[in-house]
Each structure stands twice: as C-alpha cells, then as structure tokens.
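Asker: Here it is, the structure, as structure tokens.
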Amino acid sequence: MSTHERDQIVETLARYGHVVDRGDLDRLDTVFTLDVRYDMSAVGLPVMIGVQALADGAMRLGPQNPVAHHTTDVVVLEADEDEAVVESKGFMLTVEGAVRSVSHHDVLRRTAAGWRIASRTLVPQTASLGGRLGAAAGAEEAPARPDR
Amino acid sequence: MSTHERDQIVETLARYGHVVDRGDLDRLDTVFTLDVRYDMSAVGLPVMIGVQALADGAMRLGPQNPVAHHTTDVVVLEADEDEAVVESKGFMLTVEGAVRSVSHHDVLRRTAAGWRIASRTLVPQTASLGGRLGAAAGAEEAPARPDR
Amino acid sequence: MSTHERDQIVETLARYGHVVDRGDLDRLDTVFTLDVRYDMSAVGLPVMIGVQALADGAMRLGPQNPVAHHTTDVVVLEADEDEAVVESKGFMLTVEGAVRSVSHHDVLRRTAAGWRIASRTLVPQTASLGGRLGAAAGAEEAPARPDR
C-alpha cells in the first residue's frame, strides 16, 4: 500500500469524529460505505446495516451520544488494491465528562469516492490488559477478539 | 499535496502540544506564524494576534492552562503550494483531571521554516451531535461553524 | 527519512496501545527491541530492561494497569538509516475513569522485523506549561527534560 493510500485511509478514519460531532449525519457517507455493517454487539447494541441506520440510531440515542469522538493509533494490518483491514483506537467524551475508550476493528473498501469503512466492530476497553489477567492465572478465558 | 507535505503539516500540529505542555513559549514560532490569528471567541476569550500575544495569554492564564494538549483526527481539506485548510480535534486535560474536547479549524501557510498555523479557530465540543438535535427537531438553529 | 519510513515508525508507536490493551504481552516484541530500556523513573518506578521485564512488570501491576493507552502527536526529531529520535504524547484511562497524560521520549532502531522502540522515557504531564510558571517567576527551576 502506498503512503498516499495509507494517508487516505487515515483521513477517512479521522473524518468520523468531525462528521458525528458536528451532527452532520447526512455526511456519514464520506466515512462509511452505504451498506456498512456497524457492530456494537460487544456493548449490547444491535448490529446496524447501512448509513441510514447509523443516522437513525444516532438520532434515537440523542443527548446520550458522546459529545466528542477522537480516533488514534491507526494500524493498517492488511491491504490490497480494494480492501484494507485496519485497527484503531477511539475515545469518547460523554456530556457528563466521562471518558470511554474502544478499539475499532475495520474493513475499508475503495470506492469511486475514496476509501470508506465497510465494516466496523467496536470493542470497549474496560479491563486492564484486555481482561486477560484472570486468564493468565488460569481463572477464565480471554474474551474473543474479532481481529485475531 | 504530496505525502511529504502532509506529514509536515501533521507534525506542525503535533508540535503544538509538546511546545505548550513543556512551557516552551519561546518556541511557539515553530508552530504558528508570527502574525497568527488565534480565535477562541467561541469560549468567550478575545481573539489574539501574534505569537507574543499567545505567550502572554498563556502566562496570564497560568495554572488554569490545561496540563496536557493532544491533537488527533487531522484532515487536510484544501491545499495548494503555499496554504492549506486543515481541521483537527484537540483534547485537553485540566489540572483537576477534567477532559475538554475542541475542534481546530486552521489555515496553515508555508514559510521558509516550514508549515505554520496562520489562523486557528477553536470550537468547543459540548453538546452531542454538535447541538443539532434541537435543530433537527425544528426547535433551534445549529450554531455557526466557521469552516462550513 | 522517507514518508514510508515515517509511516512505519508511526505504526510501531500505534501498535503499543493495541498490544498492551489486549494483554498480548508476548507480542511486545512487535513494538520494542528485545533489549529495550524503559524509563519511568520520573514517576518513581525502576528502569526496566528488556521486553520480558516489561511483560513481568505489567503482570505485577495487574489491575492497576490503565485499561487503555492512546498515543498522539508523533514528531520525528532526528532520523538516519537505522535510528530515529521521536517524541509523542500518550494518555491512559484508568479503571476508575481517570485520565493521565505523559510524554514519550523514544529512540527507535531499525531491525530486520521493522522499526522498534529501543529506549522510551516517560514524563508525566502534571503541571500547566510543564511546571515552568514558577521558573518564569524566578521561584524555582524547571524540571529536567530528557530530550532537550
């Protein structure tokens, strides 16, 4: 993957927070494919399919949406001409001032308009070392991780 | 814009937090043009002109300055040989441990020393979906956004 | 340094949070050289040498490890074919929901497997303007900074 292509992918991921935090829900298609699969089942929410479902979901969530979304730590794991597997980290600031951290496990697809997220799976970061301390001690299994 | 030029812009924005958080106020000129216009009017502060005004403002603010400034989500919106319009997101950690999030709307100019921020407008992120939930329901106007 | 080389360095720094926050301590060698020197003496912890010492230290720290590590603001200060001096900023989210910010002062070395962090010094960000307000008033010295 060329450095230019990688820059385009990094910018697509960066646009997410700008679009959502301005409430530009009619511009979600600058970040996601129209048929995006958005999986937040790890936090008990239904899997959403399509940018319209994302926009509707955000409106329903209303003031419970975080006030800010930031993306960091972009790593391109695999890429060919038309598809890239990318992981990144996100954190959100709630209106109450709390900070939440998640991992994004994405598949991006090249479209005529540029690279877009075709699939995103969110994994919340809620336990030190991914909750594997117990596993290391033999007490429990590590949670499933979608990208490994 | 070449990938090299984009890297230079990203690094200029990244230097900001390092310079300010070390208190290297005599190195603000490695981030900003000497005649920078720094607009925080969205949070009720006066527009400041010039790196010396920025340094003076930081000294006056004293311990009320955040202890840390981080920049994320850099998107180059427009660029030619000598100027670039760039948006990014920032978050700050206060000495009390609170986190604040802002958007940066910047114009960078190429100087003999490299890319420098010639104009920065800060917009605080304080409401879900940019405060447009009410607007979507017809109750109120969305706030003015300097870059759109 | 080519843009491609810079991307590789940025990704090495980005992998850190993914590896640690998943508890993939047997993959610390994808981020650090085997003989890495990891200096947290600024927060009263011993200097650790080697990825095994890092892994052991993380296991000992257990649930006191932050639940999330994010890296931002990467600046490549110096680079030649085989070594790069890089500063970045990190922030961590504790299990109690507190946010901490640090600066990373790194030396990376090119290895057969790619760029790896050979030396990392952490400096916590705990005072506005790097604690230099007092120094500016003549009251006290600024703290030593390892990279300047």
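Order determines the names: the first chain of the structure tokens is A, the second B, and so forth; residues in each chain are numbered 1 upward, and ligands are numbered 1 upward as they are shown.
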Determine, counting only C-alpha atoms, which protein, DNA and RNA residues have an atom within 7 Å of an atom of Met92 of chain B; residues of the same chain fewer than 2 positions away are not included. Present the result as a list in words.
Answerer: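 Once the adjacent positions are removed, what remains is Pro66, Ala68, His69, His70, Gly90, Thr94, Val99, Arg100 and Ser101 of chain B.
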Asker: Using only C-alpha atoms, select each residue of chain B with any atom at most 12 Å away from an atom of chain A, and give the selection as number ranges by chain.
Answerer: B: 1-7, 10, 70-77, 86-94, 97-105, 123-137, 142-148
Asker: Would you compute the distance between atom CA of Leu54 of chain A and atom CA of Val85 of chain B? Give it in Å to one decimal.
Answerer: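 These atoms are spaced 28.4 Å apart.
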Asker: Give me the residues within 9 Å of segment 38-40 of chain C as a list in words, counting only C-alpha atoms and dropping any in the same chain fewer than 6 places off.
Answerer: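 So the residues in contact are Pro46, Val47, Met48, Ile49, Gly50, Leu54, Ala118, Ser119, Arg120, Thr121, Leu122 and Val123 of chain C.
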